[in-house]
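Below you'll find the structure, written out as structure tokens, and then a few comments.
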There are 2 protein chains.
Amino acid sequence: MTGHDIGNLFANIPHDLSQEASEDILRSDGLRIERIVSKGHTSPDEGWYDQDEHEWVLVLRGGGRIAFDDGSEVELGVGDHLHIPAHRRHRVSWTDPSQPTLWLAVFHR
Amino acid sequence: MTGHDIGNLFANIPHDLSQEASEDILRSDGLRIERIVSKGHTSPDEGWYDQDEHEWVLVLRGGGRIAFDDGSEVELGVGDHLHIPAHRRHRVSWTDPSQPTLWLAVFHR
């Protein structure tokens, strides 16, 4: 081995997806990269995400929808990416129930 | 339309890949996300990348190899990701000549 720490975003998908699974890929000053695996999950009905950080999100597999508090909604498929500024209230309104949806989320200041 | 700016990382692959093609996806304070498309390209023989920024890199399609100045080399396929600290001298020693290789690179301070 070379001592380089390689991971694979499509590996180690949790078998139990009764809950959404998120995992830190990288944490650094003002930056956090997460892999999130959903399967039919949505945000809690009562809650909006209202984040102090900006979020750039990319769908790597599957698909989902993100709703915003102005009533708009976007559908994201494989390869689609979106930037969500800090404090832009949003929620996950749908994810594909038939397969795991893999999100890559880059949170930054 | 919703006013949300969605892009797709698999769309608009340049037809002319006689040169490597890189494109800014996001630029923010201390953060730059780039899509790079290679097809058989390697870094110039004479040069190492010696970057002021850290780089987290992910292969979205295709495959490539990155060599380091300690003589080590890693091969990255689809979904593989690697973090390259600032000033870790490296070069792209091989990319798949048979298909475009898509890299997502997150440069950060």
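Naming scheme: A, B, ... for chains in displayed order of the structure tokens; residues 1 onward per chain; ligands 1 onward as shown.
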Is it possible to get the superposed chain A, fitted on chain B over all Cα pairs by sequence order, as a compact mmCIF listing (two decimals) with N, CA and C atoms, in the first residue's frame?
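Result went into result.txt, see below:
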```txt
# COMPACT_ATOMS: atom_id res chain seq x y z
N MET A 1 -40.18 27.66 -14.09
CA MET A 1 -38.93 27.40 -13.37
C MET A 1 -38.97 28.00 -11.97
N THR A 2 -38.08 27.53 -11.17
CA THR A 2 -38.12 27.87 -9.75
C THR A 2 -37.09 28.93 -9.37
N GLY A 3 -36.21 29.26 -10.28
CA GLY A 3 -35.15 30.22 -9.94
C GLY A 3 -33.96 29.59 -9.24
N HIS A 4 -33.99 28.27 -9.05
CA HIS A 4 -32.85 27.61 -8.44
C HIS A 4 -31.90 27.17 -9.54
N ASP A 5 -30.64 27.40 -9.29
CA ASP A 5 -29.64 27.19 -10.33
C ASP A 5 -29.06 25.78 -10.21
N ILE A 6 -29.62 24.88 -11.00
CA ILE A 6 -29.20 23.48 -10.97
C ILE A 6 -28.30 23.20 -12.16
N GLY A 7 -27.19 22.56 -11.92
CA GLY A 7 -26.34 22.09 -13.00
C GLY A 7 -26.24 20.58 -12.94
N ASN A 8 -25.68 19.99 -13.98
CA ASN A 8 -25.46 18.55 -13.97
C ASN A 8 -24.01 18.25 -14.37
N LEU A 9 -23.33 17.51 -13.52
CA LEU A 9 -21.90 17.29 -13.74
C LEU A 9 -21.62 16.37 -14.91
N PHE A 10 -22.65 15.62 -15.36
CA PHE A 10 -22.44 14.71 -16.49
C PHE A 10 -22.87 15.35 -17.82
N ALA A 11 -23.38 16.56 -17.75
CA ALA A 11 -23.84 17.25 -18.96
C ALA A 11 -22.72 18.12 -19.53
N ASN A 12 -22.89 18.45 -20.79
CA ASN A 12 -21.97 19.39 -21.45
C ASN A 12 -20.51 18.95 -21.36
N ILE A 13 -20.29 17.68 -21.60
CA ILE A 13 -18.91 17.20 -21.73
C ILE A 13 -18.38 17.76 -23.06
N PRO A 14 -17.26 18.46 -23.03
CA PRO A 14 -16.75 19.03 -24.29
C PRO A 14 -16.49 17.94 -25.33
N HIS A 15 -16.85 18.24 -26.59
CA HIS A 15 -16.56 17.29 -27.66
C HIS A 15 -15.07 17.24 -27.95
N ASP A 16 -14.47 18.42 -27.92
CA ASP A 16 -13.04 18.50 -28.21
C ASP A 16 -12.27 18.33 -26.90
N LEU A 17 -11.72 17.14 -26.73
CA LEU A 17 -10.92 16.91 -25.52
C LEU A 17 -9.44 16.76 -25.87
N SER A 18 -9.03 17.49 -26.91
CA SER A 18 -7.61 17.50 -27.23
C SER A 18 -6.82 18.14 -26.09
N GLN A 19 -7.49 19.00 -25.33
CA GLN A 19 -6.91 19.53 -24.10
C GLN A 19 -7.84 19.17 -22.93
N GLU A 20 -7.25 19.00 -21.79
CA GLU A 20 -8.04 18.80 -20.58
C GLU A 20 -8.93 20.01 -20.36
N ALA A 21 -10.16 19.79 -19.89
CA ALA A 21 -11.12 20.88 -19.73
C ALA A 21 -11.51 21.01 -18.26
N SER A 22 -11.31 22.20 -17.70
CA SER A 22 -11.77 22.38 -16.31
C SER A 22 -12.71 23.57 -16.24
N GLU A 23 -13.59 23.49 -15.31
CA GLU A 23 -14.71 24.42 -15.23
C GLU A 23 -15.03 24.66 -13.75
N ASP A 24 -15.18 25.92 -13.40
CA ASP A 24 -15.57 26.23 -12.02
C ASP A 24 -17.04 25.91 -11.80
N ILE A 25 -17.33 25.17 -10.78
CA ILE A 25 -18.71 24.87 -10.40
C ILE A 25 -19.15 25.84 -9.31
N LEU A 26 -18.23 26.14 -8.41
CA LEU A 26 -18.53 27.05 -7.29
C LEU A 26 -17.25 27.73 -6.85
N ARG A 27 -17.37 29.01 -6.60
CA ARG A 27 -16.25 29.75 -6.02
C ARG A 27 -16.78 30.52 -4.83
N SER A 28 -16.11 30.36 -3.74
CA SER A 28 -16.54 31.05 -2.53
C SER A 28 -15.28 31.35 -1.73
N ASP A 29 -15.46 31.95 -0.59
CA ASP A 29 -14.33 32.32 0.25
C ASP A 29 -13.53 31.07 0.64
N GLY A 30 -12.32 30.95 0.16
CA GLY A 30 -11.48 29.83 0.56
C GLY A 30 -11.89 28.49 0.00
N LEU A 31 -12.81 28.50 -0.96
CA LEU A 31 -13.34 27.24 -1.51
C LEU A 31 -13.54 27.38 -3.01
N ARG A 32 -13.13 26.36 -3.73
CA ARG A 32 -13.37 26.33 -5.17
C ARG A 32 -13.70 24.89 -5.54
N ILE A 33 -14.83 24.70 -6.21
CA ILE A 33 -15.20 23.37 -6.69
C ILE A 33 -15.09 23.40 -8.21
N GLU A 34 -14.33 22.45 -8.73
CA GLU A 34 -14.09 22.38 -10.18
C GLU A 34 -14.51 21.02 -10.71
N ARG A 35 -15.01 21.02 -11.94
CA ARG A 35 -15.12 19.77 -12.68
C ARG A 35 -14.00 19.75 -13.71
N ILE A 36 -13.27 18.65 -13.76
CA ILE A 36 -12.17 18.51 -14.71
C ILE A 36 -12.48 17.29 -15.58
N VAL A 37 -12.35 17.45 -16.87
CA VAL A 37 -12.57 16.35 -17.81
C VAL A 37 -11.26 16.04 -18.52
N SER A 38 -10.79 14.81 -18.35
CA SER A 38 -9.56 14.36 -18.99
C SER A 38 -9.89 13.21 -19.93
N LYS A 39 -9.06 13.01 -20.91
CA LYS A 39 -9.19 11.81 -21.76
C LYS A 39 -7.79 11.44 -22.23
N GLY A 40 -7.14 10.61 -21.44
CA GLY A 40 -5.78 10.22 -21.78
C GLY A 40 -4.74 11.25 -21.37
N HIS A 41 -5.21 12.37 -20.78
CA HIS A 41 -4.25 13.41 -20.42
C HIS A 41 -3.46 13.03 -19.17
N THR A 42 -2.26 13.53 -19.11
CA THR A 42 -1.45 13.44 -17.90
C THR A 42 -0.87 14.83 -17.65
N SER A 43 -0.32 15.01 -16.46
CA SER A 43 0.37 16.27 -16.17
C SER A 43 1.60 16.36 -17.06
N PRO A 44 2.07 17.55 -17.34
CA PRO A 44 3.32 17.69 -18.09
C PRO A 44 4.45 16.93 -17.40
N ASP A 45 5.28 16.26 -18.17
CA ASP A 45 6.35 15.44 -17.60
C ASP A 45 7.24 16.20 -16.64
N GLU A 46 7.49 17.43 -16.98
CA GLU A 46 8.49 18.18 -16.20
C GLU A 46 7.94 18.73 -14.89
N GLY A 47 6.58 18.66 -14.75
CA GLY A 47 6.02 19.46 -13.66
C GLY A 47 5.25 18.69 -12.62
N TRP A 48 5.39 19.08 -11.38
CA TRP A 48 4.55 18.59 -10.29
C TRP A 48 3.58 19.70 -9.93
N TYR A 49 2.37 19.31 -9.55
CA TYR A 49 1.48 20.27 -8.91
C TYR A 49 1.97 20.49 -7.48
N ASP A 50 2.18 21.73 -7.12
CA ASP A 50 2.59 22.09 -5.76
C ASP A 50 1.67 23.25 -5.35
N GLN A 51 0.56 22.90 -4.74
CA GLN A 51 -0.55 23.83 -4.58
C GLN A 51 -0.59 24.45 -3.19
N ASP A 52 -0.99 25.70 -3.14
CA ASP A 52 -1.19 26.38 -1.84
C ASP A 52 -2.46 25.91 -1.16
N GLU A 53 -3.35 25.29 -1.92
CA GLU A 53 -4.62 24.84 -1.35
C GLU A 53 -4.62 23.33 -1.16
N HIS A 54 -5.38 22.87 -0.19
CA HIS A 54 -5.67 21.46 -0.08
C HIS A 54 -6.66 21.09 -1.20
N GLU A 55 -6.61 19.84 -1.62
CA GLU A 55 -7.52 19.39 -2.68
C GLU A 55 -8.15 18.06 -2.29
N TRP A 56 -9.46 18.04 -2.32
CA TRP A 56 -10.18 16.76 -2.19
C TRP A 56 -10.68 16.42 -3.58
N VAL A 57 -10.35 15.23 -4.05
CA VAL A 57 -10.67 14.88 -5.44
C VAL A 57 -11.46 13.58 -5.48
N LEU A 58 -12.44 13.56 -6.38
CA LEU A 58 -13.36 12.42 -6.52
C LEU A 58 -13.48 12.09 -8.01
N VAL A 59 -13.43 10.81 -8.34
CA VAL A 59 -13.66 10.40 -9.73
C VAL A 59 -15.14 10.07 -9.91
N LEU A 60 -15.77 10.77 -10.85
CA LEU A 60 -17.21 10.57 -11.12
C LEU A 60 -17.43 9.63 -12.30
N ARG A 61 -16.46 9.57 -13.19
CA ARG A 61 -16.58 8.68 -14.36
C ARG A 61 -15.16 8.42 -14.85
N GLY A 62 -14.94 7.24 -15.45
CA GLY A 62 -13.62 6.92 -15.99
C GLY A 62 -12.65 6.50 -14.90
N GLY A 63 -11.41 6.87 -15.04
CA GLY A 63 -10.40 6.48 -14.06
C GLY A 63 -9.08 7.15 -14.35
N GLY A 64 -8.26 7.24 -13.30
CA GLY A 64 -6.96 7.87 -13.47
C GLY A 64 -5.99 7.45 -12.39
N ARG A 65 -4.75 7.86 -12.56
CA ARG A 65 -3.73 7.59 -11.55
C ARG A 65 -3.05 8.89 -11.15
N ILE A 66 -2.76 9.00 -9.89
CA ILE A 66 -2.04 10.16 -9.37
C ILE A 66 -0.75 9.66 -8.75
N ALA A 67 0.35 10.27 -9.17
CA ALA A 67 1.67 9.92 -8.65
C ALA A 67 2.15 11.02 -7.70
N PHE A 68 2.92 10.62 -6.72
CA PHE A 68 3.46 11.55 -5.72
C PHE A 68 4.98 11.53 -5.79
N ASP A 69 5.58 12.60 -5.29
CA ASP A 69 7.02 12.73 -5.47
C ASP A 69 7.83 11.82 -4.54
N ASP A 70 7.14 11.04 -3.69
CA ASP A 70 7.87 10.01 -2.93
C ASP A 70 7.90 8.69 -3.70
N GLY A 71 7.42 8.70 -4.94
CA GLY A 71 7.44 7.49 -5.77
C GLY A 71 6.17 6.68 -5.68
N SER A 72 5.26 7.03 -4.80
CA SER A 72 4.01 6.27 -4.69
C SER A 72 3.03 6.72 -5.77
N GLU A 73 2.07 5.85 -6.04
CA GLU A 73 1.07 6.13 -7.08
C GLU A 73 -0.24 5.48 -6.65
N VAL A 74 -1.34 6.17 -6.90
CA VAL A 74 -2.64 5.58 -6.58
C VAL A 74 -3.50 5.56 -7.84
N GLU A 75 -4.32 4.51 -7.93
CA GLU A 75 -5.27 4.42 -9.04
C GLU A 75 -6.66 4.69 -8.50
N LEU A 76 -7.40 5.55 -9.18
CA LEU A 76 -8.72 5.94 -8.72
C LEU A 76 -9.76 5.58 -9.78
N GLY A 77 -10.78 4.83 -9.37
CA GLY A 77 -11.90 4.51 -10.24
C GLY A 77 -13.13 5.27 -9.79
N VAL A 78 -14.26 4.94 -10.38
CA VAL A 78 -15.50 5.68 -10.11
C VAL A 78 -15.87 5.60 -8.63
N GLY A 79 -16.07 6.75 -8.04
CA GLY A 79 -16.46 6.83 -6.63
C GLY A 79 -15.28 6.99 -5.69
N ASP A 80 -14.08 6.70 -6.19
CA ASP A 80 -12.90 6.83 -5.32
C ASP A 80 -12.58 8.29 -5.06
N HIS A 81 -12.19 8.58 -3.85
CA HIS A 81 -11.82 9.94 -3.49
C HIS A 81 -10.56 9.93 -2.63
N LEU A 82 -9.88 11.06 -2.67
CA LEU A 82 -8.56 11.18 -2.05
C LEU A 82 -8.38 12.62 -1.62
N HIS A 83 -7.73 12.82 -0.49
CA HIS A 83 -7.40 14.18 -0.05
C HIS A 83 -5.91 14.42 -0.22
N ILE A 84 -5.59 15.51 -0.87
CA ILE A 84 -4.19 15.85 -1.14
C ILE A 84 -3.88 17.15 -0.40
N PRO A 85 -3.10 17.06 0.66
CA PRO A 85 -2.79 18.28 1.42
C PRO A 85 -2.01 19.29 0.56
N ALA A 86 -2.14 20.56 0.92
CA ALA A 86 -1.39 21.61 0.22
C ALA A 86 0.10 21.25 0.20
N HIS A 87 0.72 21.54 -0.91
CA HIS A 87 2.17 21.36 -1.09
C HIS A 87 2.61 19.89 -1.07
N ARG A 88 1.65 19.00 -1.17
CA ARG A 88 2.01 17.59 -1.41
C ARG A 88 2.16 17.47 -2.91
N ARG A 89 3.39 17.33 -3.35
CA ARG A 89 3.66 17.37 -4.79
C ARG A 89 3.13 16.11 -5.47
N HIS A 90 2.35 16.34 -6.51
CA HIS A 90 1.69 15.22 -7.19
C HIS A 90 1.50 15.56 -8.66
N ARG A 91 1.22 14.53 -9.42
CA ARG A 91 0.91 14.71 -10.83
C ARG A 91 -0.08 13.64 -11.27
N VAL A 92 -0.79 13.93 -12.33
CA VAL A 92 -1.67 12.92 -12.92
C VAL A 92 -0.81 12.10 -13.87
N SER A 93 -0.62 10.82 -13.53
CA SER A 93 0.31 10.00 -14.32
C SER A 93 -0.40 9.22 -15.41
N TRP A 94 -1.72 9.11 -15.32
CA TRP A 94 -2.48 8.36 -16.34
C TRP A 94 -3.95 8.73 -16.21
N THR A 95 -4.63 8.87 -17.33
CA THR A 95 -6.10 8.84 -17.32
C THR A 95 -6.54 7.95 -18.47
N ASP A 96 -7.70 7.37 -18.31
CA ASP A 96 -8.26 6.44 -19.28
C ASP A 96 -8.32 7.09 -20.67
N PRO A 97 -7.66 6.50 -21.66
CA PRO A 97 -7.71 7.09 -23.01
C PRO A 97 -8.96 6.75 -23.78
N SER A 98 -9.76 5.78 -23.25
CA SER A 98 -10.90 5.27 -24.04
C SER A 98 -12.21 6.01 -23.74
N GLN A 99 -12.22 6.84 -22.71
CA GLN A 99 -13.45 7.54 -22.35
C GLN A 99 -13.08 8.78 -21.54
N PRO A 100 -13.99 9.76 -21.50
CA PRO A 100 -13.71 10.92 -20.65
C PRO A 100 -13.69 10.51 -19.17
N THR A 101 -12.73 11.02 -18.47
CA THR A 101 -12.69 10.87 -17.01
C THR A 101 -13.14 12.18 -16.39
N LEU A 102 -14.16 12.09 -15.54
CA LEU A 102 -14.67 13.28 -14.85
C LEU A 102 -14.17 13.28 -13.41
N TRP A 103 -13.50 14.37 -13.05
CA TRP A 103 -13.02 14.58 -11.69
C TRP A 103 -13.83 15.70 -11.06
N LEU A 104 -14.17 15.54 -9.82
CA LEU A 104 -14.66 16.66 -9.02
C LEU A 104 -13.55 17.02 -8.05
N ALA A 105 -13.12 18.27 -8.09
CA ALA A 105 -12.03 18.70 -7.22
C ALA A 105 -12.52 19.83 -6.32
N VAL A 106 -12.34 19.64 -5.03
CA VAL A 106 -12.72 20.67 -4.04
C VAL A 106 -11.42 21.22 -3.46
N PHE A 107 -11.08 22.44 -3.88
CA PHE A 107 -9.87 23.10 -3.37
C PHE A 107 -10.27 23.95 -2.18
N HIS A 108 -9.50 23.85 -1.13
CA HIS A 108 -9.85 24.63 0.07
C HIS A 108 -8.60 25.03 0.84
N ARG A 109 -8.77 26.03 1.68
CA ARG A 109 -7.66 26.56 2.48
C ARG A 109 -7.57 25.82 3.80
```
